[in-house]
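Engineer: Below you'll find the structure I mean.
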Amino acid sequence: MTPHAWLLLGLYLLVLLVLVKPLGIYIANVMEGRSWALRLGSPIEAVIYRLGGVRKESKMGWLQYALALLLFNALGVFAVYALQRLQLWLPLNPQQMANVSPDSAFNTAVSFVTNTNWQGYAGESTMSYLTQMLALTVQNFLSAATGIVVVIALIRGFARHTAQDVGNAWVDLTRVTLYVLLPLALVFAVFLIGQGVIQNFAPYRDVTTLEVTHYDSPKLDAAGQPLKDDQGNPVTEPATTQTQTLAMGPVASQEAIKMIGTNGGGFFNANSAHPYENPTPLSNFFQMLSIFLIPGALCYTFGRMVGDTRQGWAVLAAMTIIFAVAAVATISFEQQGNPLFAAAGVDQTASAIQAGGNMEGKETRFGIADSGLFATITTAASCGAVIAMHDSFTPLGGMIPLVMMQLGEVVFGGVGSGLYGMLVFAILAVFIAGLMIGRTPEYLGKKIEAYEMKMTAIAILVTPLLVLGGTAIAVMTAAGQAGIFNPGPHGFSEVLYAFTSAANNNGSAFAGLSANTPFYNVMLVIAMWFGRFAIIVPVLAIAGSLAAKKRIAATAGTLPTHGPLFVTLLIGTVLLIGLLNYVPALALGPVVEHFMLWAGH
Amino acid sequence: MKTLIRPAVTLFILLSLITGLIYPLLVTGIGQALFPKQAAGSLIEHDGKPVGSRLVGQNFTDPKYFWGRLSATAPQPYNAAASGGSNLGPLNPALKAAVESRIKALREADPGNTAPVPVDLVTASASGLDPHISPAAAEYQVARVARARELAPEIVRNLVAQHTEDRQWGIFGESRVNVLELNLALDPLPFERKP
């Protein structure tokens with residue numbers, strides 16, 4: 001860690017913590033229906049409810065709330081799939097992008113609906129502008145809204161007592177979208193354009209470059225398929241060009257909500273590394289900030305809605321501590337560089353005139369500190385946007401992002417999903433503490449009983465099952481092995497990363513893996529869908545069960561859940577579960593690779 | 001279940017129209033009004049013709065130009081319609097080969113320069129379109145460019161300094177040199193015969 005990196009991390013956390021409280025209060029007011037903003041938007045709301053036959057005052061029990069969300073999200077899958085399959089015949093397709101194949105379209109539909117935004121395709125050579133807007137941008141909003149309303153329902157479960165309902169899903173979805181996500185995205189998008197992010201509907205621009213580029217062009221057969229020689233290597237012929245084709249599109253509007261909603265699906269293949277998505281270090285700082293903004297603020301919302309803001313700060317403290325340690329680790333490992341480069345006569349030392357370190361797959365304007373920080377943020381939160389290629393990180397520098405996801409995306413995590421995941425861990429933590437002292441555990445005045453613990457166990461165990469099971473199947477089958485790009489243990493890490501990312505709804509990748517195949521498209525759909533909804537349903541069940549309970553008064557025997565003791569207990573629980581599940585798999589991938597890389601240096 | 005279908009369909013359609021059409025069109029309108037150049041891609045015009053974007057790098061291999069980062073885009077480097085990195089792992093032999101072949105090319109274009117090569121000059125960027133190199137990578141190339149153009153190294157070095165951006169606000173990102181803008185500024189300089 002250079003002094004500059006420490007300063008950057010410190011400033012980042014400072015700005016974040018300053019913003020958490022005002023936004024947290026605002027979200028709480030919106031969700032409790034008493035924000036000033038509601039008066040501005042009430043005519044729009046009224047139209048939506050009238051056309052939809054929604055009665056604002058009607059309440060839903062947890063099961064109805066869950067069914068409403070499932071139905072709403074299933075419609076999303078259908079719409080995103082249909083728009084991709086029909087895009088050639090729809091407007092706003094100046095590049096004449098072909099209709100997307102069924103398996104890839106299905107994968108992308110589930111990916112964006114589940115807030116994963118795993119991308120098996122390359123945006124600028126696959127999707128029409130209409131698909132990017134009306135299919136993908138829409139799900140950037142609605143999947144984020146879904147995550148937020150689930151945690152609001154869970155918070156209501158803690159805050160209410162002897163109640164039969166957890167809120168109205170339609171009203172909650174509408175209000176989160178209109179009053180929280182839209183205004184933030186609008187302001188952020190305009191800021192991004194000012195920094196240089198493009199926003200237009202023009203066809204791709206051809207420019208004449210300064211120099212003529214010589215390259216090997218793959219030879220195609222009559223059907224347009226690449227020709228291969230006897231050894232199976234592609235046949236190429238020398239070619240030259242002096243034209244550079246600049247991909248265009250409505251990028252800023254999608255970029256803004258991609259970060260604010262912890263979605264992470266890039267307009268372009270290179271995601272936030274692309275200069276048209278993230279042109280300056282300043283745009284990058286605000287992109288990093290926007291990832292943690294809502295997940296952080298929701299902790300304050302939680303404290304406020306349960307009537308004790310210290311509870312929210314405690315959860316936020318646990319998240320921040322794990323995150324800060326991880327960020328320092330990632331940046332340090334990347335700054336160390338690659339010993340093989342040093343042997344080849346390459347200068348990797350950090351100085352005033354270069355970032356040094358492992359620059360493979362990183363951008364000059366971001367260097368090591370910003371790239372390492374971003375990689376930790378994007379995987380701690382379930383964002384999955386990238387400004388550097390994680391596949392080219394050093395073994396341990398790439399392991400930290402992997403571990404951040406494997407902790408269950410609860411260190412800030414996705415919008416809403418991070419906090420409900422962390423609250424599930426909090427329930428587990430008080431349960432473990434209760435076992436140790438032989439008392440019925442309670443959290444925020446609610447008794448934690450067998451039903452809640454069953455649901456907690458399902459919510460915590462479903463992802464490791466999907467990750468480890470999926471990885472095992474992939475590395476044992478020819479179809480799974482076929483996608484591996486890098487040799488040795490790194491290839492195993494690519495597969496482990498893919499299933500970890502999908503089941504935890506992150507969406508980043510060790511992108512060398514060729515995942516746009518029927519095998520991976522289908523396997524990852526399973527991981528993404530159940531990684532999302534097999535957690536949301538038990539969380540809502542907990543919400544319903546807690547809401548119906550009586551509130552019990554705290555006694556001398558109650559474990560206080562706002563002090564350092566509880567923060568430590570919570571961190572311990574998260575780390576213990578994460579490490580126990582994944583250490584053997586990590587040992588086979590990044591750990592082995594680390595020793596191979598440094599052996600003899 | 002039946003009572004859920006109508007609100008689900010209606011909400012989905014209306015919220016899709018708001019977030020998927022009205023919102024992007026509104027952003028486009030505001031962007032065109034406030035930042036038309038940026039919204040269109042920060043294009044650089046030369047004699048009325050677009051020669052590139054100041055945000056998107058181009059491929060350079062001629063010794064008289066500064067070279068940028070390696071680019072792993074396919075089929076040609078700096079393909080701005082197919083961004084992406086190499087995705088080579090740290091132990092992949094192909095990564096070592098790419099680094100070594102770049103070092104060889106640099107040394108062949110500049111015989112006698114035995115200084116260690118700045119790392120960003122031998123590695124591929126994440127986007128494959130990185131418009132920048134580090135000031136160290138620029139300094140490494142100053143002597144070669146000056147020799148190829150028969151210019152005094154100081155003139156070239158001054159030009160590099162003019163095109164060097166510091167960390168934004170002193171803390172964000174890294175200091176960097178815009179390769180395309182630097183090379184565009186080099187071309188009009190008269191070749192200077194040394195005595």
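Residues are named by chain letter and number: chains run A, B, ... in the order of the structure tokens, numbers start at 1 in each chain, and ligands are numbered from 1 in the order shown.
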If you run DSSP on the backbone, which residues of range 329-467 of chain A are helix (DSSP H, G or I), as an MDAnalysis selection string?
Structural biologist: chainID A and resid 329:336 339:343 367:380 390:392 395:406 417:437 450:467
Engineer: Write out as a Markdown table a residue-level contact list of range 221-287 of chain A versus range 496-509 of chain A with cut-off 12 Å: for each qualifying residue the closest pair of atoms and the distance in Å to one decimal, counting only C-alpha atoms, rows sorted by chain and residue number upward.
Structural biologist:
```
| residue | atom | partner | partner_atom | distance |
| --- | --- | --- | --- | --- |
| A:Lys258 | CA | A:Gly507 | CA | 11.6 |
| A:Gly261 | CA | A:Asn506 | CA | 11.8 |
| A:Thr262 | CA | A:Asn506 | CA | 8.5 |
| A:Asn263 | CA | A:Asn506 | CA | 7.8 |
| A:Gly264 | CA | A:Gly507 | CA | 6.7 |
| A:Gly265 | CA | A:Gly507 | CA | 7.4 |
| A:Gly266 | CA | A:Ser508 | CA | 10.2 |
| A:Asn269 | CA | A:Ser508 | CA | 11.6 |
| A:Ala270 | CA | A:Ser508 | CA | 11.1 |
| A:Asn271 | CA | A:Ser508 | CA | 9.7 |
| A:Ser272 | CA | A:Ser508 | CA | 11.3 |
```
Engineer: What does the file look like for those residues with N, CA and C atoms, as an mmCIF file, in the first residue's frame?
Structural biologist:
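Resulting contents of again-v1.cif:
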```cif
data_model
loop_
_atom_site.group_PDB
_atom_site.id
_atom_site.type_symbol
_atom_site.label_atom_id
_atom_site.label_comp_id
_atom_site.auth_asym_id
_atom_site.auth_seq_id
_atom_site.Cartn_x
_atom_site.Cartn_y
_atom_site.Cartn_z
ATOM 1 N N LYS A 258 -26.610 1.184 -13.442
ATOM 2 C CA LYS A 258 -25.786 -0.025 -13.304
ATOM 3 C C LYS A 258 -24.992 0.021 -12.005
ATOM 4 N N GLY A 261 -27.665 0.697 -8.662
ATOM 5 C CA GLY A 261 -28.460 -0.480 -8.326
ATOM 6 C C GLY A 261 -27.612 -1.721 -8.105
ATOM 7 N N THR A 262 -26.312 -1.577 -7.922
ATOM 8 C CA THR A 262 -25.360 -2.702 -7.802
ATOM 9 C C THR A 262 -25.648 -3.785 -8.836
ATOM 10 N N ASN A 263 -25.915 -3.354 -10.063
ATOM 11 C CA ASN A 263 -26.184 -4.325 -11.125
ATOM 12 C C ASN A 263 -24.879 -4.810 -11.738
ATOM 13 N N GLY A 264 -24.173 -3.865 -12.407
ATOM 14 C CA GLY A 264 -22.832 -4.197 -12.890
ATOM 15 C C GLY A 264 -22.741 -4.667 -14.317
ATOM 16 N N GLY A 265 -23.849 -4.688 -15.044
ATOM 17 C CA GLY A 265 -23.785 -5.162 -16.424
ATOM 18 C C GLY A 265 -23.374 -4.032 -17.353
ATOM 19 N N GLY A 266 -22.234 -4.151 -18.008
ATOM 20 C CA GLY A 266 -21.704 -3.065 -18.810
ATOM 21 C C GLY A 266 -22.413 -2.924 -20.140
ATOM 22 N N ASN A 269 -18.324 -4.550 -23.641
ATOM 23 C CA ASN A 269 -17.709 -5.775 -23.127
ATOM 24 C C ASN A 269 -16.718 -5.478 -22.003
ATOM 25 N N ALA A 270 -15.940 -4.389 -22.148
ATOM 26 C CA ALA A 270 -14.911 -4.094 -21.150
ATOM 27 C C ALA A 270 -15.488 -3.441 -19.900
ATOM 28 N N ASN A 271 -16.822 -3.262 -19.868
ATOM 29 C CA ASN A 271 -17.487 -2.750 -18.678
ATOM 30 C C ASN A 271 -16.930 -1.384 -18.278
ATOM 31 N N SER A 272 -16.763 -1.120 -17.003
ATOM 32 C CA SER A 272 -16.320 0.212 -16.561
ATOM 33 C C SER A 272 -14.849 0.481 -16.850
#
```
Engineer: For the interface of chain B with chain A (cut-off 6 Å, counting only C-alpha atoms), please tabulate each contacting residue of chain B alongside its nearest pair of atoms and their separation in Å to one decimal, rows sorted by chain and increasing number, as a tab-separated table.
Structural biologist:
```
residue	atom	partner	partner_atom	distance
B:Arg6	CA	A:Gly52	CA	5.9
B:Pro7	CA	A:Gly52	CA	4.3
B:Ala8	CA	A:Phe72	CA	5.4
B:Thr10	CA	A:Gly52	CA	5.1
B:Ser16	CA	A:Val138	CA	5.6
B:Thr19	CA	A:Val138	CA	5.5
B:Gly20	CA	A:Leu134	CA	4.4
B:Pro24	CA	A:Ser253	CA	5.4
B:Thr28	CA	A:Gln199	CA	5.8
B:Phe35	CA	A:Gly194	CA	5.9
B:Gln38	CA	A:Gly196	CA	4.7
B:Ala39	CA	A:Ile198	CA	4.1
B:Ala40	CA	A:Ile198	CA	5.8
B:Gly41	CA	A:Ile198	CA	5.4
B:Pro50	CA	A:Val207	CA	5.5
B:Val51	CA	A:Thr208	CA	5.0
B:Gly52	CA	A:Val207	CA	5.5
B:Leu55	CA	A:Pro275	CA	5.8
B:Pro75	CA	A:Ser217	CA	5.9
B:Gln76	CA	A:Tyr215	CA	5.5
B:Ala80	CA	A:Leu246	CA	4.9
B:Ala81	CA	A:Ala247	CA	5.0
B:Ser83	CA	A:Ala270	CA	5.4
B:Gly84	CA	A:Ala270	CA	4.8
B:Gly85	CA	A:Gly361	CA	5.6
B:Asn87	CA	A:Gly512	CA	5.1
B:Leu88	CA	A:Ser392	CA	5.4
B:Gly89	CA	A:Ser392	CA	4.6
B:Pro90	CA	A:Thr394	CA	5.9
B:Pro116	CA	A:Val346	CA	5.2
B:Val117	CA	A:Val346	CA	4.8
B:Pro118	CA	A:Asp347	CA	4.8
B:Val119	CA	A:Gln348	CA	5.5
B:Asp120	CA	A:Met359	CA	5.8
B:Thr123	CA	A:Glu360	CA	4.8
B:Ala124	CA	A:Glu360	CA	5.4
B:Ser125	CA	A:Gly361	CA	4.6
B:Ala126	CA	A:Gly361	CA	4.0
B:Ser127	CA	A:Ala270	CA	5.0
B:His132	CA	A:Thr364	CA	5.9
B:Ile133	CA	A:Thr364	CA	5.8
B:Ser134	CA	A:Gln354	CA	5.3
B:Pro135	CA	A:Ile353	CA	5.1
B:Ala136	CA	A:Ile353	CA	5.2
B:Phe172	CA	A:Pro281	CA	5.3
B:Gly173	CA	A:Phe366	CA	4.6
B:Glu174	CA	A:Arg365	CA	5.2
```
Engineer: Would you list the contacts of range 150-154 of chain A as a list of chain:residue names, taking every protein, DNA or RNA residue within 6 Å and counting only C-alpha atoms, but skipping same-chain residues closer than 2 positions in sequence?
Structural biologist: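 Returned residues: A:Gly147, A:Ile148, A:Arg156, A:Gly157, A:Val166, A:Gly416, A:Tyr420, A:Ala543.
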Engineer: Provide the CA of Pro111 in chain B to CA of Arg144 in chain B distance in Å, to one decimal place.
Structural biologist: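 CA of Arg144 in chain B lies 8.9 Å from CA of Pro111 in chain B.
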Engineer: DSSP says strand (DSSP E or B) for which residues of range 1-146 of chain B? Put them as a ChimeraX atom specification?
Structural biologist: /B:43-46,49-53,56,70,117-118,124,132-133
Engineer: Write out as a list in words the residues lying within 8 Å of range 442-444 of chain A, counting only C-alpha atoms and excluding same-chain residues fewer than 4 positions away.
Structural biologist: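 Result of the neighbour search: Phe158, Val306, Ile427, Val430, Phe431, Ile448, Thr558, Leu559 and Thr561 of chain A.
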Engineer: Would you mind listing what lies within 8 Å of Ser545 in chain A as a list in words, with only C-alpha atoms counted and same-chain residues fewer than 4 positions away left out?
Structural biologist: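 Listed by chain and then number, they are Gly157, Glu452, Ala541 and Lys549 of chain A.
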Engineer: Would you mind exporting N, CA and C atoms of the selected residues as a CSV table (one decimal), in the first residue's frame?
Structural biologist:
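Output below, filename again.csv:
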```
chain,number,residue,atom,x,y,z
A,157,GLY,N,-40.7,-6.5,9.5
A,157,GLY,CA,-40.9,-7.7,10.4
A,157,GLY,C,-40.4,-7.5,11.8
A,452,GLU,N,-37.6,-19.6,12.4
A,452,GLU,CA,-36.7,-18.6,11.9
A,452,GLU,C,-35.4,-19.3,11.6
A,541,ALA,N,-40.3,-15.1,4.5
A,541,ALA,CA,-40.9,-16.0,5.5
A,541,ALA,C,-40.5,-15.6,6.9
A,549,LYS,N,-45.0,-11.8,15.7
A,549,LYS,CA,-44.6,-12.0,17.1
A,549,LYS,C,-44.9,-10.8,18.0
```
Engineer: Pick out the residues sitting within 7 Å of Val56 in chain B, and hand them over as a VMD selection string; count only C-alpha atoms, and ignore anything fewer than 4 positions along from it in its own chain.
Structural biologist: (chain A and resid 275) or (chain B and resid 129 to 131)
Engineer: Do you know which residues are at most 8 Å from range 468-483 of chain A counting only C-alpha atoms, after dropping those on the same chain fewer than 6 positions away, and could you put them as a ChimeraX atom specification?
Structural biologist: /A:492,495-496,499,513-515,519-520,523,527
Engineer: Include C-alpha atoms and write out the residues we just selected as a PDB file, in the first residue's frame.
Structural biologist:
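Final output, result.pdb:
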```
ATOM      1  CA  PHE A 492     -10.029 -24.119 -11.973  1.00  0.00           C
ATOM      2  CA  VAL A 495     -14.810 -22.038 -13.096  1.00  0.00           C
ATOM      3  CA  LEU A 496     -15.057 -21.515  -9.325  1.00  0.00           C
ATOM      4  CA  PHE A 499     -20.314 -20.194 -10.154  1.00  0.00           C
ATOM      5  CA  LEU A 513     -13.772 -18.508 -19.358  1.00  0.00           C
ATOM      6  CA  SER A 514     -15.818 -19.069 -22.520  1.00  0.00           C
ATOM      7  CA  ALA A 515     -19.186 -19.068 -20.803  1.00  0.00           C
ATOM      8  CA  PHE A 519     -23.693 -25.705 -20.922  1.00  0.00           C
ATOM      9  CA  TYR A 520     -22.626 -22.622 -18.990  1.00  0.00           C
ATOM     10  CA  MET A 523     -25.867 -24.066 -15.475  1.00  0.00           C
ATOM     11  CA  ALA A 527     -27.184 -20.760 -10.011  1.00  0.00           C
TER      12      ALA A 527
END
```
Engineer: In Å, how far is it from CA of Ala143 in chain B to CA of Asp187 in chain B?
Structural biologist: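 For CA of Ala143 in chain B relative to CA of Asp187 in chain B, the distance reads 16.2 Å.
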Engineer: Of the candidates A:Leu184, A:Leu540, A:Val591, A:Ala324, which shows the shortest atom-to-atom distance to Tyr23 in chain B, using only C-alpha atoms?
Structural biologist: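 Looking at the shortest contact to Tyr23 in chain B, the residue is A:Leu184.
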Engineer: How many Å separate CA of Ala587 in chain A from CA of Ser493 in chain A?
Structural biologist: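 According to the coordinates, CA of Ala587 in chain A and CA of Ser493 in chain A are separated by 10.0 Å.
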